[in-house]
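S.K.: Sharing a structure below in C-alpha cells format, with a few things to ask.
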Amino acid sequence: MKIKQLVVGITATAILIPTLAACGNSSSASSDKSIELMTTWTGDRLTTLNKILKQYTKKSGVNVQVVSPGDQYETVMKTRMASRDMPDVFETHGWSLSRYKEYLTPLNDQSWAKNVDEAIKPVITDTNKKMYVEPVTMAINTIVYNKDAFAKAGVEVKDIRTWDDFSAACEQLKKTGITPIFIGNKDGETAQLAESIPPTQLTNDSVKDNQATALKNGTFNFEKYWTPISKMISTWNDKGYFNVDLLTSDNDAGVKQLAQGKSAMMFGGSNNITQALSYNPKANLGILSSPAAEKNGKNSLSMGEGVCFGVWKDSDVADKAENLLKYLSTKEVAGKIATASGDIPALTNVSNPDDYMSKALDETKATFADNLEYIPLFDREYLPNGMWDDLTNSFTDIFTTRGEQGIQQSVAAIKSAYTQKLAK
Amino acid sequence: MNTIDHRFAKNWWKYLLSILIVVVYCLPLYVLVTMALKKMTDTSSRLQLPTSLYWGNFTELFAEGSIGRALLNTAIITIATVAIEVILGCMAAYPLARHRSRFNSLINAIMMGVMMIPPLSILVGVYSTLISMHATSTYWGMIIVSAAFGLPMPIYFFTKFIRTIPRSLDEASQIDGCNTLQTFFYIILPQLKPAIATIVILNGVGMWNEYGYSLYILQKPEMYTLTLTISQYFSSGANNLNGAAAAACVATLPMILMFLFLQKYFIKGTADSAVKG
Amino acid sequence: MKLKNGSTINLFYIPALILMLVFVAYPLGQAIYIAFTDWNGYSQHLNFVGFSNFFNMLKDGNLHTALLNTLIYGFGSAFFQNLFGLLLAVFLNSKFRGHSVVRTFVYLPVMIAGLIMGYIIYYFVQYDGGVFNEILGWLGQAPLDFMADRWRAVGIITFINVWQYTGISMVIYMAGLQSISTSYYEAATLDGANHWRCFWNITIPLIVPAMSTAVVMNLIGGLKLFDVIQSLTSGGPGFATHSLSTYISNQYFQAQNAGYSSAIGIITFVLIVVVAGVFNSFFSKHEIEA
C-alpha cells in the first residue's frame with residue numbers, strides 16, 4: 001500500500017507545479033512595472049548599488065529589479081541579445097558602441113548629457129555623434145602599483161619615461177625581492193597588457209611610425225610591428241619580472257600581493273586598487289602611466305567606459321528607465337557609484353576630490369603634467385569586435401612556449417584572429 | 001579480551017588504511033569549513049584551525065538573506081523536477097520495455113543520444129524557446145527544461161528494470177480483467193519501487209547541484225538556486241573567499257545531512273542502479 | 001487489453017516524447033542550422049558558410065587538445081574509478097569494525113556540487129598559500145605551480161573527478177560482491193584455488209553486470225566533465241585543460257564563434273553516442289538478459 005502513498009505524493013507534487021508556476025507568473029505580472037537593471041557588480045559593491053536603488057524606489061515608487069550574474073555577465077548578455085530579450089537598463093562595460101549599439105536608445109537629449117566629461121565623450125560617441133550610454137564613471141585601465149614597494153626598491157615614478165626605464169625599475173624591484181609584475185591569467189588577465197604596450201608602440205599621438213589607420217583598415221603588418229611587442233614581454237618573462245604562477249593564478253591572488261607589497265605592479269583597471277584596499281586598508285597604492293616607446297614620447301593613461309548604463313531600445317518601461325538614469329546622474333548618487341567602483345567620475349557636475357582614486361589620478365597628472373596623453377582602450381578602438389579573448393590567447397603563448405617560437409606563435413595567433421574577425 | 005586484541009593485531013593494517021582513506025576524503029571538507037570560520041584578513045595557513053571561531057561569514061550570509069531564498073528555490077526545483085522525471089519516466093519506460101517494435105527501439109536510441117548531448121551546445125535554442133513561452137525566471141521553465149534533459153536517464157534505467165519483471169505478471173493481470181493502465185499501476189509500479197528510489201536519489205543530487213542551465217533560465221535574483229548564489233561569491237569582482245567558503249558550506253550541508261540520515265537508501269539506490277538494471 | 005500488438009500502451013510515452021521534442025530536439029535542430037553559419041552568438045546577422053566550420057575543426061590545434069583531454073578525462077576517470085571502486089569494495093567487504101564509516105566518507109563527496117569541488121581544490125593547488133605547497137614546504141621542498149604543467153593539470157583534474165565519484169563505483173561493486181554466493185568460493189577453495197585465483201576466476205566474471213553500469217556511467221560523466229574544469233582552471237593554462245564541453249562554451253561565449261561551437265557540439269554528440277554505444281553493446285554481450 002505504500003506505493004499508493006508514493007503515487008498520491010507524486011501526483012500531489014505534479015498538481016503543485018502548475019500552481020507554483022502560476023505564482024511565478026503572477027509575481028512577474030505584478031512586477032511588470034519594475035525596471036530590470038543588469039550590473040557587473042557583485043559583493044560589497046552590489047550592496048552599495050542595491051542601497052542606492054532602494055532609495056530611488058522610496059522616492060519614485062518604481063521598483064528596480066537588480067540582476068547580477070557576476071563573472072557570467074557577458075555570457076548571459078549574449079544569450080539575451082541572441083533572443084532579443086534585454087534588460088531595461090544594463091551596463092555596457094566598454095562595449096556600448098561595438099557590441100550593444102543596435103540594442104540601445106540614443107541618449108543625447110537627456111538632461112545630464114551636457115555634463116559628460118570631454119575625456120570620455122569620444123569613447124562613447126559614434127560617427128553619427130550619437131551617444132548610447134550614461135557614463136557615470138570612466139575607468140583608468142593602465143597599471144596600478146604599490147608605492148611602498150617602489151620606495152623600498154628605490155624606484156621613482158617620475159623616472160619611468162620609456163619602456164627601458166620600466167625594465168630598469170623591474171630589475172630594481174626584483175633585486176629587492178619584490179615580484180615586479182603580477183598577472184593572474186586564470187582570469188585571462190594577460191590581455192590587460194594590450195591596453196598599455198601596443199598603444200605606446202603603435203597608435204599614440206607621439207608615435208612616429210603611427211599604425212592607427214593601418215590597424216583600422218586591415219593593412220596592418222603584424223610580423224613587423226607586433227613582433228617587438230611580444231618580444232618585449234618575452235624578455236621580461238626571461239628575466240623573471242612576472243609572478244611564477246602567472247599561468248594558473250587568479251587576479252585576486254595578485255590583488256592580495258599588491259596589497260601586501262609582495263608584488264609591485266599589476267596591469268589593469270584601477271578597480272584593483274579598491275579591491276586591494278579591502279585586504280589591506282593601509283596599503284599605499286597609485287596609478288602608473290604607460291611609458292613611451294621612444295625617448296621623447298609621452299606617457300599615457302588608457303581611459304574607457306567605467307560604469308556606463310544604457311537603456312534597451314525596445315524596453316516597455318523606457319520612460320521610467322530614463323528617469324532612473326537621471327537619478328543616477330545626480331551629484332550625490334554618481335559620487336557614491338564612483339567611489340564604490342574605484343573609477344573616476346565621468347560627469348562634470350560630480351567630483352569627489354577626497355576620494356582615493358581621484359587623488360591617485362591627480363598625483364599622476366602632477367608628476368607628468370604636459371607629458372601625459374589620454375588614450376582610448378586599445379582593443380575597443382583599433383581591433384575588431386570581440387578580440388579580448390584572442391589577446392589573452394596570443395599573450396599566453398609567450399608564457400607557455402618560451403623563446404623565439406612562443407613569440408612567433410603569439411604573433412601568428414593575434415594575426416589570424418584579427419583577420420578572421422575583421423572579415424565578419 | 002584476548003580475542004579482540006588478537007583480531008585487532010591481525011587487522012591493524014586495515015585500520016591504518018582506513019584512517020588514511022578517511023583523511024584523504026575529509027581534507028577538502030576540512031579546509032572548506034576552517035576557511036568559512038576564519039576572517040577574510042586572516043592569512044594563516046589553510047590547514048591551521050582558526051584560533052577563535054569567527055561566525056561573521058555565516059551571519060553576514062544569512063543577514064544578506066539571499067541564501068535562505070536560494071535554499072527554498074533549489075528545494076522546489078529539485079523536488080518538482082525529479083517528480084516529473086519519475087512519473088513520465090515510468091510511463092514512457094513501460095511501453096518501451098514491453099512492446100519491442102522497430103519504432104520503439106529507435107526511440108530508445110534517441111533517448112540514449114539525448115543523455116549525452118553537451119547541454120550548452122544547444123543553449124540558445126532552449127533559451128529562445130523559453131522566451132517565446134515567457135518561461136524565463138520562472139520555476140516551471142527551469143523545471144520543465146531540466147526534466148526534459150533529465151528524462152532519458154530514468155527512461156533508460158526503468159526500461160532495463162521493467163524487462164527484468166516477468167511478462168507473465170502482466171499477462172496474469174490481464175486475464176484477471178485489468179486494462180493496461182491498471183496493469184501498469186497495480187503490477188508494474190509496485191515492482192519499480194527500488195528503481196524509483198534510485199532515480200530519486202541520483203537525479204535529486206544532480207538537480208540540487210545543477211549549474212549550467214539555471215544560470216541562463218533563472219536570471220532574477222529571487223529565483224537563484226544555491227549553486228548560482230555561490231558562484232556570485234566566487235566571481236572575480238567579489239574577492240571574499242572566506243565568505244564564499246561559508247556559502248559553499250551552507251549549500252552543501254543539506255545534502256550531507258540528508259546523506260548521513262538516509263545513508264541506507266543512498267547506498268542501496270546506487271547499488272541497485274547496476275545490479276538489478 | 002492490447003498487450004500483444006499494444007497501441008494503447010504506446011500512448012504512455014507521448015508526454016515524455018513531447019517534452020523532449022520541444023526542449024531538446026527543436027533546439028538541437030537550431031544548433032545544427034547554426035553550425036553551418038558564421039554566427040557570433042548574439043548578433044542579428046549571420047551568413048551561411050557551408051561546411052567550413054567542420055573543415056576548420058581539422059586544423060584547430062586547441063580543439064585537438066580538448067578532444068585528447070576529453071578522452072583522458074573520460075577513459076581515465078572510468079578506469080581509475082572502477083579500479084579504486086573495486087579495490088575499496090574488496091577491502092571494505094572484508095568486514096572489519098568501522099568499515100561502514102569508511103564507506104560513508106568515501107561516498108560523501110558525491111553529494112558536493114562539481115562547481116564547489118573545483119573551488120575547493122583551487123584552495124589546494126594555488127601557488128601562493130595553497131595546501132599542497134604548504135605540505136611541500138613542511139617536507140623542505142620548493143613550492144610547485146601545480147596547474148602550470150599541462151599533463152600534471154590534466155592528471156589533477158582527472159583525479160579530482162575520480163576521487164569525487166569513486167564512491168559510486170565502490171557501492172555498486174560492494175553490492176555486486178555481496179550478491180555472489182559464498183558457495184562458489186568454498187568449492188574453489190576445496191579445489192585448491194588461492195585468493196588471487198578466486199578473485200580472477202570467480203569475482204571478476206560475476207561482477208561484469210555491475211561493471212557495465214559503473215563503466216558507462218563513469219565514462220559519460222568523464223566525457224561531459226564541465227563544472228570542475230570551469231571553476232578550477234577555466235581551461236587554462238592557455239587551452240591545455242579544456243574538455244570538449246568547456247571548449248564549446250569557450251568558443252560560443254568568449255571567442256564569439258557560435259557557429260563553430262555548434263559544429264563541435266554536434267560532432268561531440270556523435271562521438272559520445274558512438275563511444276557509449278560500443279561500450280553498451282560490448283557489455284550487453286556479457287550479460288544474460290532476463
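Quick note on naming: the chains in the C-alpha cells go A, B, ... in the order shown, residues restart at 1 in each chain, and ligands are numbered from 1 in order of appearance.
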If you count only C-alpha atoms, which residues fall within 10 Å of Thr233 in chain C, apart from same-chain ones fewer than 4 positions away, as a list of chain:residue names?

M.R.: A:Asn185, A:Lys186, A:Asp187, A:Leu247, A:Thr248, A:Ser249, A:Asp250, C:Gly118, C:Tyr119, C:Tyr122, C:Met147, C:Ala148, C:Ala153, C:Ile157, C:Val228, C:Ile229, C:Pro237, C:Gly238, C:Phe239, C:Ala240, C:Thr241, C:His242

S.K.: Quick check: residues of chain C within 12 Å of chain A, only C-alpha atoms, returned as a short mmCIF file (atom, residue, chain, number, x, y, z; two decimals) with C-alpha atoms, in the first residue's frame.

M.R.:
data_model
loop_
_atom_site.label_atom_id
_atom_site.label_comp_id
_atom_site.auth_asym_id
_atom_site.auth_seq_id
_atom_site.Cartn_x
_atom_site.Cartn_y
_atom_site.Cartn_z
CA THR C 37 26.75 29.71 -40.29
CA ASP C 38 29.35 32.17 -39.04
CA TRP C 39 27.03 33.47 -36.30
CA ASN C 40 28.85 35.15 -33.42
CA GLY C 41 26.36 34.09 -30.78
CA TYR C 42 24.31 37.24 -30.33
CA SER C 43 24.15 39.41 -33.44
CA GLN C 44 21.01 39.55 -35.58
CA HIS C 45 23.12 38.94 -38.69
CA LEU C 46 24.61 35.70 -39.90
CA ASN C 47 25.97 34.21 -43.12
CA PHE C 48 25.95 30.68 -44.40
CA VAL C 49 29.40 29.23 -44.65
CA ASP C 60 42.29 23.66 -34.89
CA GLY C 61 45.09 22.56 -32.55
CA ASN C 62 43.23 23.69 -29.44
CA TYR C 119 36.71 25.93 -5.98
CA TYR C 122 41.70 25.58 -6.07
CA TYR C 123 42.48 26.28 -2.39
CA VAL C 125 46.68 23.79 -5.79
CA GLN C 126 47.10 27.56 -5.56
CA TYR C 127 50.76 28.50 -5.81
CA ASP C 128 50.68 31.09 -3.07
CA GLY C 129 49.21 29.73 0.16
CA GLY C 130 47.79 26.55 -1.37
CA PRO C 143 56.77 25.22 -3.98
CA LEU C 144 55.33 23.97 -7.24
CA ASP C 145 52.94 25.69 -9.62
CA PHE C 146 50.74 22.62 -9.88
CA MET C 147 48.44 23.56 -12.70
CA ALA C 148 51.08 25.19 -14.93
CA ASP C 149 52.24 21.95 -16.49
CA ARG C 150 49.76 20.62 -18.97
CA ALA C 153 46.98 19.72 -14.64
CA ILE C 229 37.30 22.44 -15.05
CA GLN C 230 35.39 25.69 -15.26
CA SER C 231 35.84 26.54 -11.61
CA LEU C 232 39.36 25.15 -11.22
CA THR C 233 41.28 26.25 -14.32
CA SER C 234 38.79 27.83 -16.76
CA GLY C 235 40.52 25.60 -19.31
CA GLY C 236 43.95 27.10 -18.74
CA PRO C 237 46.90 27.40 -18.75
CA GLY C 238 46.23 28.56 -22.29
CA PHE C 239 43.95 25.89 -23.68
CA ALA C 240 45.75 23.00 -22.02
CA THR C 241 42.99 21.61 -19.80
CA SER C 249 31.36 27.02 -24.12
CA ASN C 250 34.58 28.98 -24.64
CA GLN C 251 34.13 29.16 -28.40
CA TYR C 252 30.48 30.07 -28.05
CA PHE C 253 30.73 32.82 -25.49
CA GLN C 254 34.29 34.09 -25.20
CA ALA C 255 35.60 33.62 -28.73
CA GLN C 256 32.22 34.52 -30.25
CA ASN C 257 32.30 31.67 -32.74
CA ALA C 258 28.82 30.26 -32.10
#

S.K.: Distance limit 6 Å, atoms considered: only C-alpha atoms. Which chain C residues sit that close to chain B? Return them as a PyMOL selection string.

M.R.: chain C and resi 1+9-10+12-13+16+19-20+27-28+30-31+111+113+171-172+175+210+213+262+265+269+273+290

S.K.: How would the residues just chosen look if you wrote them out with C-alpha atoms as a CSV table (one decimal), in the first residue's frame?

M.R.:
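Output (selection-v6.csv):
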chain,number,residue,atom,x,y,z
C,1,MET,CA,-6.1,-5.2,-23.5
C,9,ILE,CA,0.5,1.3,-24.2
C,10,ASN,CA,2.5,3.3,-26.7
C,12,PHE,CA,2.3,6.2,-22.4
C,13,TYR,CA,5.5,7.7,-23.7
C,16,ALA,CA,7.9,12.4,-22.3
C,19,LEU,CA,8.7,17.3,-23.7
C,20,MET,CA,11.9,16.2,-25.3
C,27,PRO,CA,16.9,23.4,-30.0
C,28,LEU,CA,19.1,20.6,-31.4
C,30,GLN,CA,18.6,25.0,-34.4
C,31,ALA,CA,22.1,24.1,-33.3
C,111,MET,CA,26.9,15.0,-2.7
C,113,ALA,CA,28.4,20.1,-6.5
C,171,VAL,CA,28.9,1.0,-3.7
C,172,ILE,CA,28.0,-0.8,-6.9
C,175,ALA,CA,26.6,-4.9,-3.8
C,210,ALA,CA,27.8,-4.4,-12.1
C,213,THR,CA,26.7,0.2,-15.5
C,262,SER,CA,27.7,24.3,-32.6
C,265,GLY,CA,28.8,20.2,-30.3
C,269,PHE,CA,27.4,14.3,-29.6
C,273,VAL,CA,26.9,8.3,-28.8
C,290,ALA,CA,16.0,-11.6,-18.3

S.K.: Return as a VMD selection string the residues belonging to chain B that are within 8 Å of chain A, counting only C-alpha atoms.

M.R.: chain B and resid 40 to 41 80 83 to 84 87 124 127 to 128 131 138 to 140 189 to 190 193 215 to 216 219 to 221 231 to 233 235 to 239

S.K.: Would you put the residues from that selection into a file with N, CA and C atoms, as a PDB file, in the first residue's frame?

M.R.:
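Result written to result03.pdb:
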ATOM      1  N   MET B  40      38.353  37.246   6.748  1.00  0.00           N
ATOM      2  CA  MET B  40      38.949  37.458   5.442  1.00  0.00           C
ATOM      3  C   MET B  40      40.397  37.918   5.564  1.00  0.00           C
ATOM      4  N   THR B  41      40.682  38.666   6.630  1.00  0.00           N
ATOM      5  CA  THR B  41      42.028  39.205   6.788  1.00  0.00           C
ATOM      6  C   THR B  41      42.990  38.199   7.426  1.00  0.00           C
ATOM      7  N   ALA B  80      10.262  19.097  -7.719  1.00  0.00           N
ATOM      8  CA  ALA B  80       9.330  19.059  -8.845  1.00  0.00           C
ATOM      9  C   ALA B  80       9.959  18.382 -10.055  1.00  0.00           C
ATOM     10  N   ALA B  83      10.110  14.674  -9.537  1.00  0.00           N
ATOM     11  CA  ALA B  83       8.772  14.089  -9.592  1.00  0.00           C
ATOM     12  C   ALA B  83       8.345  13.889 -11.046  1.00  0.00           C
ATOM     13  N   ILE B  84       8.529  14.920 -11.866  1.00  0.00           N
ATOM     14  CA  ILE B  84       8.150  14.792 -13.273  1.00  0.00           C
ATOM     15  C   ILE B  84       8.962  13.702 -13.958  1.00  0.00           C
ATOM     16  N   ILE B  87       7.517  10.287 -12.888  1.00  0.00           N
ATOM     17  CA  ILE B  87       6.203   9.950 -13.447  1.00  0.00           C
ATOM     18  C   ILE B  87       6.303   9.682 -14.944  1.00  0.00           C
ATOM     19  N   VAL B 124      21.179  28.264 -26.900  1.00  0.00           N
ATOM     20  CA  VAL B 124      20.417  29.378 -27.457  1.00  0.00           C
ATOM     21  C   VAL B 124      19.047  28.932 -27.927  1.00  0.00           C
ATOM     22  N   TYR B 127      16.947  28.551 -24.883  1.00  0.00           N
ATOM     23  CA  TYR B 127      16.629  29.842 -24.273  1.00  0.00           C
ATOM     24  C   TYR B 127      15.566  30.584 -25.080  1.00  0.00           C
ATOM     25  N   SER B 128      15.713  30.589 -26.408  1.00  0.00           N
ATOM     26  CA  SER B 128      14.723  31.359 -27.165  1.00  0.00           C
ATOM     27  C   SER B 128      13.364  30.669 -27.154  1.00  0.00           C
ATOM     28  N   ILE B 131      11.869  31.919 -24.013  1.00  0.00           N
ATOM     29  CA  ILE B 131      11.441  33.310 -24.137  1.00  0.00           C
ATOM     30  C   ILE B 131      10.065  33.365 -24.777  1.00  0.00           C
ATOM     31  N   THR B 138      11.181  31.595 -14.271  1.00  0.00           N
ATOM     32  CA  THR B 138      10.035  31.013 -13.576  1.00  0.00           C
ATOM     33  C   THR B 138      10.442  29.620 -13.121  1.00  0.00           C
ATOM     34  N   TYR B 139       9.735  29.142 -12.092  1.00  0.00           N
ATOM     35  CA  TYR B 139      10.010  27.782 -11.645  1.00  0.00           C
ATOM     36  C   TYR B 139       9.732  26.795 -12.765  1.00  0.00           C
ATOM     37  N   TRP B 140       8.556  26.970 -13.380  1.00  0.00           N
ATOM     38  CA  TRP B 140       8.155  25.918 -14.321  1.00  0.00           C
ATOM     39  C   TRP B 140       9.072  25.849 -15.526  1.00  0.00           C
ATOM     40  N   LEU B 189       4.176  -0.744 -11.318  1.00  0.00           N
ATOM     41  CA  LEU B 189       4.663   0.340 -10.463  1.00  0.00           C
ATOM     42  C   LEU B 189       5.185  -0.147  -9.107  1.00  0.00           C
ATOM     43  N   PRO B 190       4.435  -1.043  -8.415  1.00  0.00           N
ATOM     44  CA  PRO B 190       4.975  -1.508  -7.116  1.00  0.00           C
ATOM     45  C   PRO B 190       6.323  -2.193  -7.268  1.00  0.00           C
ATOM     46  N   LYS B 193       9.505   0.132  -7.372  1.00  0.00           N
ATOM     47  CA  LYS B 193       9.845   0.961  -6.216  1.00  0.00           C
ATOM     48  C   LYS B 193      11.348   1.166  -6.005  1.00  0.00           C
ATOM     49  N   LEU B 215      21.789  29.092 -14.729  1.00  0.00           N
ATOM     50  CA  LEU B 215      22.426  30.392 -14.916  1.00  0.00           C
ATOM     51  C   LEU B 215      21.680  31.232 -15.948  1.00  0.00           C
ATOM     52  N   TYR B 216      21.200  30.588 -16.990  1.00  0.00           N
ATOM     53  CA  TYR B 216      20.548  31.332 -18.068  1.00  0.00           C
ATOM     54  C   TYR B 216      19.053  31.462 -17.850  1.00  0.00           C
ATOM     55  N   GLN B 219      17.244  34.199 -14.156  1.00  0.00           N
ATOM     56  CA  GLN B 219      18.072  35.393 -14.110  1.00  0.00           C
ATOM     57  C   GLN B 219      17.697  36.359 -13.008  1.00  0.00           C
ATOM     58  N   LYS B 220      16.472  36.258 -12.519  1.00  0.00           N
ATOM     59  CA  LYS B 220      16.109  37.175 -11.442  1.00  0.00           C
ATOM     60  C   LYS B 220      16.686  36.663 -10.129  1.00  0.00           C
ATOM     61  N   PRO B 221      17.280  37.556  -9.355  1.00  0.00           N
ATOM     62  CA  PRO B 221      17.954  37.112  -8.129  1.00  0.00           C
ATOM     63  C   PRO B 221      17.030  36.355  -7.179  1.00  0.00           C
ATOM     64  N   SER B 231      28.163  30.879  -6.864  1.00  0.00           N
ATOM     65  CA  SER B 231      29.075  31.353  -7.907  1.00  0.00           C
ATOM     66  C   SER B 231      29.205  32.881  -7.838  1.00  0.00           C
ATOM     67  N   GLN B 232      28.187  33.561  -7.298  1.00  0.00           N
ATOM     68  CA  GLN B 232      28.302  35.008  -7.075  1.00  0.00           C
ATOM     69  C   GLN B 232      29.455  35.319  -6.134  1.00  0.00           C
ATOM     70  N   TYR B 233      29.542  34.510  -5.083  1.00  0.00           N
ATOM     71  CA  TYR B 233      30.578  34.768  -4.082  1.00  0.00           C
ATOM     72  C   TYR B 233      31.971  34.526  -4.642  1.00  0.00           C
ATOM     73  N   SER B 235      32.829  35.099  -7.792  1.00  0.00           N
ATOM     74  CA  SER B 235      33.135  35.831  -9.012  1.00  0.00           C
ATOM     75  C   SER B 235      34.307  36.764  -8.766  1.00  0.00           C
ATOM     76  N   SER B 236      35.035  37.095  -9.851  1.00  0.00           N
ATOM     77  CA  SER B 236      36.323  37.765  -9.663  1.00  0.00           C
ATOM     78  C   SER B 236      36.171  39.160  -9.059  1.00  0.00           C
ATOM     79  N   GLY B 237      35.007  39.753  -9.193  1.00  0.00           N
ATOM     80  CA  GLY B 237      34.816  41.067  -8.593  1.00  0.00           C
ATOM     81  C   GLY B 237      34.654  41.002  -7.084  1.00  0.00           C
ATOM     82  N   ALA B 238      34.129  39.883  -6.603  1.00  0.00           N
ATOM     83  CA  ALA B 238      33.928  39.738  -5.163  1.00  0.00           C
ATOM     84  C   ALA B 238      35.008  38.811  -4.640  1.00  0.00           C
ATOM     85  N   ASN B 239      35.901  39.338  -3.832  1.00  0.00           N
ATOM     86  CA  ASN B 239      37.096  38.563  -3.522  1.00  0.00           C
ATOM     87  C   ASN B 239      37.091  37.959  -2.128  1.00  0.00           C
TER      88      ASN B 239
END

S.K.: When you draw a straight line from CA of Asp148 in chain A to CA of Gly286 in chain A, how long is it in Å?

M.R.: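 Interatomic distance, CA of Asp148 in chain A to CA of Gly286 in chain A: 10.0 Å.
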
S.K.: From the set B:Ala9, B:Ile196, B:Ile77, B:Val33, which residue has the shortest atom-to-atom contact distance to Tyr54 in chain B, counting only C-alpha atoms?

M.R.: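 For Tyr54 in chain B, the nearest of the given residues is B:Val33.
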
S.K.: Run DSSP on the backbone of this structure and report the residues of range 289-381 of chain A it assigns to strand (DSSP E), as an NGL selection string.

M.R.: :A and (299-305 or 308-311 or 344-345 or 372-376)

S.K.: Between CA of Leu377 in chain A and CA of Thr137 in chain A, what distance in Å does the model show, to one decimal?

M.R.: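 Separating CA of Leu377 in chain A from CA of Thr137 in chain A is a distance of 14.8 Å.
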
S.K.: State, in Å with one decimal place, the distance from CA of Ala191 in chain A to CA of Val411 in chain A.

M.R.: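 About the pair CA of Ala191 in chain A and CA of Val411 in chain A: they are 13.7 Å apart.
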